[in-house]
2 protein chains.
Amino acid sequence: MATIKEIAKKAGVGVGTVSRYLNDHPYVSEDKRKKIQNAIDELDYTPSAIATQLRSQSTKNIGVLVSRLANPFFAELFDSIERKLNLYGYQVLVSQTHDDSAAEQRFLDQLKNHQVDGVILASVENHELVRSFAQTYPQKVILLNEENKYQDIQSVTLNHYQATLDALNYLFTQGHHHFAYITGGNYAVKSHGYSRTKAFQDFSKQHQLPINQDWLFSQKHTAADGQEVARSLIKNSNNTLPDAIFTNSDEVAIGLIDELQKNNISVPKDIAVIGYDDQPFARFAAVPLTTIRQPINAMANKAVNILLKNLTGQDVPEDITNEDLKLKLIIRKSA
Amino acid sequence: MATIKEIAKKAGVGVGTVSRYLNDHPYVSEDKRKKIQNAIDELDYTPSAIATQLRSQSTKNIGVLVSRLANPFFAELFDSIERKLNLYGYQVLVSQTHDDSAAEQRFLDQLKNHQVDGVILASVENHELVRSFAQTYPQKVILLNEENKYQDIQSVTLNHYQATLDALNYLFTQGHHHFAYITGGNYAVKSHGYSRTKAFQDFSKQHQLPINQDWLFSQKHTAADGQEVARSLIKNSNNTLPDAIFTNSDEVAIGLIDELQKNNISVPKDIAVIGYDDQPFARFAAVPLTTIRQPINAMANKAVNILLKNLTGQDVPEDITNEDLKLKLIIRKSA
DNA sequence: TTAATACATGGAATCGATTCCATTAAACGA
DNA sequence: TCGTTTAATGGAATCGATTCCATGTATTAA
């Protein structure tokens, strides 16, 4: 593989001149430009990105962390982030945690060892760990859709509390008073998705609805998890089932509904189900999902805007308004 | 950020000794080991991956190229690839082409500029381009599920020809003789998915089924594309519709079925539809999809095995058999 | 004519790790 | 006792680009 030295030699110039040519610096004569370009063409030369990164102390790489890319919500989110960052000449490195905080640690270590210039965390396992990184690299860590109780990390946050309240109110006015609640985090501990859980708790208290511990589910992510919830509900029912289920994800909702129907429980007639995300398949499900739509593209752009502004110091056109970041209840058939 | 020099100074040893310690080389006295570890702890030192990569001429990064990560098939494929590569200490960089060969070019350039040690291409746009890279880096380029007419690139290939034939035969024995055919590539040109197309053509010829040009669709990927196909079919129908549709993707099939049903065309009664991939959602669709399952995990592992063997020179346990790589027709309700 | 700019260029120093080479000290064998 | 391994170690050279510094030439101003 050719190096800049070989190009310099072949073109009969110094390495400095080649570098200047490559980086569009002024003061390279027309004569040498041609010679250099010829040498580059002949040797099929491409500068080593690694060497450039070492010298310039910047990689033009951004890390993106999600829990699971097979979740269509995260896949779309990644897509939006990548499109936007590519526009600015950045490359994206995604990693998945699969709920494993060791994977999160490895991911964040990329900040330390300079493999990435910054990170967007769309999923966090160990809040203390993330916080310590955010303190060491305040400009380089952006939280996306994840809350941080100290509020000292730059974040893009949506009003999940209000959206959850809205959905619950919708169910309530439709006459549902017996709720089951599913979260991807941990119901008992303040964790991922806590503001949704808080909304559920506040709502229940406000309307004096008792919370049935058997109808609370934590750490559910996939359609298979949803099916499992349905089975558990049925098994422990003693002839009482909830009349509405609030889920944390369309994937879970879809599995849940499927299993419910298989047991001759009709959705939405017997039980109403609300999804979350409005994933692409939500509308095509056996029972099209009533769900809360997340404004993926706006979220992605906003996070990228903040990060880019931090990194380059330049103003990035602020094209996302608060209005764009609103969550929205989409009413279909499942509730 | 601390460097190896600072560690050496703080520990009162030479940089060579620190490096030897870091890389578990012999001949570092217990005494110095402790001093070095102390210095590392105190300064919170992590070696710069970039510097290591430059010196060692290897990045431990593997690039994976797909057309669109929001396609659940590719998302799962990426997941399998990442899991396996992580096991061996490699990091994965995904990129999406979105059918744009310039993106493919940029992706492949990462081989030239040493950002990745190898690539797995699960999607190719410009075959000539890929071929030229594969010739320059024969050990570093693996094709996954993509055919290469010269057969001179290392690949993991499944028998899509046979699987398509099987599905078509299934439809035929069910009494369907009027086929529409959808591909993600280009029907007219040998391109992505050609062996499926070839199977369709051979099958039609063999059974003397005329091919209706209005029932051939190219470059379809999403559910929206599927809906569009349905509309086009209905619009140009003159009261004749196909009685079976072979699609290239469950996503397309789902959109197609949805739009068909909206127009009071029943699936499978009026028209049978066959999907492809057996994506997670296929079984939960309004009409559960009859589809061809791709053995994602086996495909991913096989590709990684080949690449790792090339790169490390060592034998990687060959855990994937040809049996594992079989495509399988999954019969549900849509056909 | 001379001083001050602007234009061009080569090459050493640098980024931060790894590795090879030279050197020394200790251990061993005879 | 001396020659030979084995164990430890420091530090220069290296990977391949960028940038700063020194130097030289051409152009412009006064």
# chains A, B, ... in the order shown; residues from 1 in each chain; ligands from 1
call {"tool": "interface_residues", "arguments": {"of": "chain D", "to": "chain B", "cutoff": "8 Å", "atoms": "only C-alpha atoms (C1' of nucleotides)", "output": "VMD selection string"}}
result
chain D and resid 7 to 11 14 to 16
call {"tool": "select_by_dssp", "arguments": {"residues": "segment 36-158 of chain B", "states": "strand (DSSP E or B)", "output": "number ranges by chain"}}
result
B: 61-66, 91-96, 118-121, 141-144, 155-156
call {"tool": "write_last_selection", "arguments": {"atoms": "N, CA and C atoms", "output": "mmCIF file, in the first residue's frame"}}
result
data_model
loop_
_atom_site.group_PDB
_atom_site.id
_atom_site.type_symbol
_atom_site.label_atom_id
_atom_site.label_comp_id
_atom_site.auth_asym_id
_atom_site.auth_seq_id
_atom_site.Cartn_x
_atom_site.Cartn_y
_atom_site.Cartn_z
ATOM 1 N N ASN B 61 -11.332 -4.162 13.429
ATOM 2 C CA ASN B 61 -12.659 -3.689 13.012
ATOM 3 C C ASN B 61 -13.069 -4.438 11.746
ATOM 4 N N ILE B 62 -14.321 -4.832 11.688
ATOM 5 C CA ILE B 62 -14.851 -5.470 10.486
ATOM 6 C C ILE B 62 -16.036 -4.642 10.000
ATOM 7 N N GLY B 63 -16.059 -4.369 8.718
ATOM 8 C CA GLY B 63 -17.180 -3.629 8.150
ATOM 9 C C GLY B 63 -18.265 -4.565 7.668
ATOM 10 N N VAL B 64 -19.506 -4.186 7.888
ATOM 11 C CA VAL B 64 -20.634 -4.971 7.377
ATOM 12 C C VAL B 64 -21.512 -4.039 6.550
ATOM 13 N N LEU B 65 -21.816 -4.456 5.349
ATOM 14 C CA LEU B 65 -22.623 -3.600 4.481
ATOM 15 C C LEU B 65 -23.978 -4.236 4.213
ATOM 16 N N VAL B 66 -25.015 -3.488 4.454
ATOM 17 C CA VAL B 66 -26.369 -3.942 4.127
ATOM 18 C C VAL B 66 -27.053 -2.814 3.363
ATOM 19 N N GLN B 91 -14.706 -5.487 16.505
ATOM 20 C CA GLN B 91 -15.753 -4.476 16.556
ATOM 21 C C GLN B 91 -16.360 -4.387 15.154
ATOM 22 N N VAL B 92 -17.658 -4.156 15.089
ATOM 23 C CA VAL B 92 -18.320 -4.125 13.779
ATOM 24 C C VAL B 92 -18.720 -2.704 13.382
ATOM 25 N N LEU B 93 -18.433 -2.340 12.155
ATOM 26 C CA LEU B 93 -18.926 -1.073 11.614
ATOM 27 C C LEU B 93 -19.945 -1.370 10.521
ATOM 28 N N VAL B 94 -21.207 -1.045 10.766
ATOM 29 C CA VAL B 94 -22.220 -1.264 9.726
ATOM 30 C C VAL B 94 -22.366 -0.044 8.870
ATOM 31 N N SER B 95 -22.670 -0.221 7.637
ATOM 32 C CA SER B 95 -23.096 0.883 6.789
ATOM 33 C C SER B 95 -24.271 0.428 5.955
ATOM 34 N N GLN B 96 -25.084 1.382 5.547
ATOM 35 C CA GLN B 96 -26.227 1.088 4.695
ATOM 36 C C GLN B 96 -25.985 1.706 3.326
ATOM 37 N N GLY B 118 -11.432 -6.170 7.355
ATOM 38 C CA GLY B 118 -12.145 -6.979 6.375
ATOM 39 C C GLY B 118 -13.593 -6.525 6.296
ATOM 40 N N VAL B 119 -14.299 -7.002 5.285
ATOM 41 C CA VAL B 119 -15.699 -6.612 5.126
ATOM 42 C C VAL B 119 -16.572 -7.811 4.771
ATOM 43 N N ILE B 120 -17.811 -7.733 5.232
ATOM 44 C CA ILE B 120 -18.826 -8.693 4.828
ATOM 45 C C ILE B 120 -19.892 -7.910 4.075
ATOM 46 N N LEU B 121 -20.123 -8.274 2.836
ATOM 47 C CA LEU B 121 -21.105 -7.554 2.023
ATOM 48 C C LEU B 121 -22.382 -8.369 1.916
ATOM 49 N N VAL B 141 -12.556 -9.742 1.686
ATOM 50 C CA VAL B 141 -13.915 -9.455 1.214
ATOM 51 C C VAL B 141 -14.728 -10.749 1.174
ATOM 52 N N ILE B 142 -15.839 -10.746 1.882
ATOM 53 C CA ILE B 142 -16.727 -11.904 1.868
ATOM 54 C C ILE B 142 -18.103 -11.463 1.389
ATOM 55 N N LEU B 143 -18.630 -12.195 0.443
ATOM 56 C CA LEU B 143 -19.987 -11.925 -0.021
ATOM 57 C C LEU B 143 -20.944 -12.790 0.787
ATOM 58 N N LEU B 144 -22.020 -12.194 1.253
ATOM 59 C CA LEU B 144 -22.991 -12.964 2.009
ATOM 60 C C LEU B 144 -24.338 -12.868 1.322
ATOM 61 N N SER B 155 -17.622 -16.468 -0.812
ATOM 62 C CA SER B 155 -19.018 -16.148 -0.529
ATOM 63 C C SER B 155 -19.702 -17.204 0.313
ATOM 64 N N VAL B 156 -20.746 -16.760 0.971
ATOM 65 C CA VAL B 156 -21.681 -17.677 1.603
ATOM 66 C C VAL B 156 -22.951 -17.594 0.776
#
call {"tool": "residues_around", "arguments": {"residues": "segment 181-192 of chain B", "least_positions_apart": "6", "cutoff": "7 Å", "atoms": "only C-alpha atoms (C1' of nucleotides)", "output": "number ranges by chain"}}
result
B: 146, 215-221, 245-248
call {"tool": "interface_residues", "arguments": {"of": "chain C", "to": "chain A", "cutoff": "6 Å", "atoms": "only C-alpha atoms (C1' of nucleotides)", "output": "PDB file with C-alpha atoms (C1' of nucleotides), in the first residue's frame"}}
result
ATOM      1  C1'  DA C   8       6.219  27.852  -2.704  1.00  0.00           C
ATOM      2  C1'  DG C  10      11.348  20.724   1.769  1.00  0.00           C
ATOM      3  C1'  DC C  15       0.794  12.104  17.413  1.00  0.00           C
TER       4       DC C  15
END
call {"tool": "interface_residues", "arguments": {"of": "chain B", "to": "chain A", "cutoff": "6 Å", "atoms": "only C-alpha atoms", "output": "ChimeraX atom specification"}}
result
/B:46,48-50,54,70,75-76,93,113,285-286
call {"tool": "residues_around", "arguments": {"residues": "DT4 of chain D", "least_positions_apart": "2", "cutoff": "10 Å", "atoms": "only C-alpha atoms (C1' of nucleotides)", "output": "NGL selection string"}}
result
(:C and (28-29)) or (:D and (2 or 6))
call {"tool": "write_last_selection", "arguments": {"atoms": "N, CA and C atoms (P, O5', C5', C4', C3', O3' and C1' of nucleotides)", "output": "tab-separated table (two decimals), in the first residue's frame"}}
result
chain	number	residue	atom	x	y	z
C	28	DC	P	20.01	-20.99	38.86
C	28	DC	O5'	20.90	-21.77	37.79
C	28	DC	C5'	20.65	-21.57	36.39
C	28	DC	C4'	21.81	-22.11	35.61
C	28	DC	C3'	22.43	-23.38	36.20
C	28	DC	O3'	22.19	-24.46	35.31
C	28	DC	C1'	24.10	-21.83	35.46
C	29	DG	P	22.58	-25.94	35.74
C	29	DG	O5'	23.89	-26.16	34.84
C	29	DG	C5'	23.87	-25.78	33.47
C	29	DG	C4'	25.24	-26.04	32.86
C	29	DG	C3'	25.90	-27.34	33.36
C	29	DG	O3'	26.49	-28.01	32.27
C	29	DG	C1'	27.31	-25.48	33.87
D	2	DC	P	38.67	-15.61	35.49
D	2	DC	O5'	37.91	-16.28	34.26
D	2	DC	C5'	38.46	-17.44	33.64
D	2	DC	C4'	37.43	-18.03	32.71
D	2	DC	C3'	36.73	-16.98	31.81
D	2	DC	O3'	36.62	-17.51	30.50
D	2	DC	C1'	35.11	-18.21	32.99
D	6	DT	P	18.66	-20.45	27.38
D	6	DT	O5'	18.30	-19.47	28.59
D	6	DT	C5'	18.40	-19.92	29.93
D	6	DT	C4'	17.95	-18.81	30.86
D	6	DT	C3'	16.65	-18.11	30.43
D	6	DT	O3'	15.81	-18.03	31.58
D	6	DT	C1'	18.35	-16.52	30.82
call {"tool": "residues_around", "arguments": {"residues": "Phe203 of chain A", "least_positions_apart": "5", "cutoff": "9 Å", "atoms": "only C-alpha atoms (C1' of nucleotides)", "output": "PDB file with C-alpha atoms, in the first residue's frame"}}
result
ATOM      1  CA  LEU A 165     -50.998  10.130  30.821  1.00  0.00           C
ATOM      2  CA  LEU A 168     -54.186   6.264  30.025  1.00  0.00           C
ATOM      3  CA  ASN A 169     -56.800   8.987  29.955  1.00  0.00           C
ATOM      4  CA  LYS A 198     -44.366   7.409  37.197  1.00  0.00           C
ATOM      5  CA  GLN A 208     -58.008   5.789  42.912  1.00  0.00           C
ATOM      6  CA  LEU A 209     -57.364   2.721  40.819  1.00  0.00           C
TER       7      LEU A 209
END
call {"tool": "atom_distance", "arguments": {"atom1": "atom CA of Gly193 of chain A", "atom2": "atom CA of Val252 of chain A"}}
result
14.6 Å
call {"tool": "closest_residue", "arguments": {"among": "A:Leu256, A:Arg106, A:Ile296, A:Ala335", "to": "Val229 of chain A", "atoms": "only C-alpha atoms"}}
result
A:Leu256
call {"tool": "residues_around", "arguments": {"residues": "Asn126 of chain A", "least_positions_apart": "6", "cutoff": "9 Å", "atoms": "only C-alpha atoms (C1' of nucleotides)", "output": "PyMOL selection string"}}
result
chain A and resi 101+104-105
call {"tool": "write_last_selection", "arguments": {"atoms": "C-alpha atoms", "output": "compact mmCIF listing (two decimals), in the first residue's frame"}}
result
# COMPACT_ATOMS: atom_id res chain seq x y z
CA SER A 101 -23.69 -3.24 31.21
CA GLU A 104 -21.95 -0.54 27.69
CA GLN A 105 -18.61 -0.25 29.42
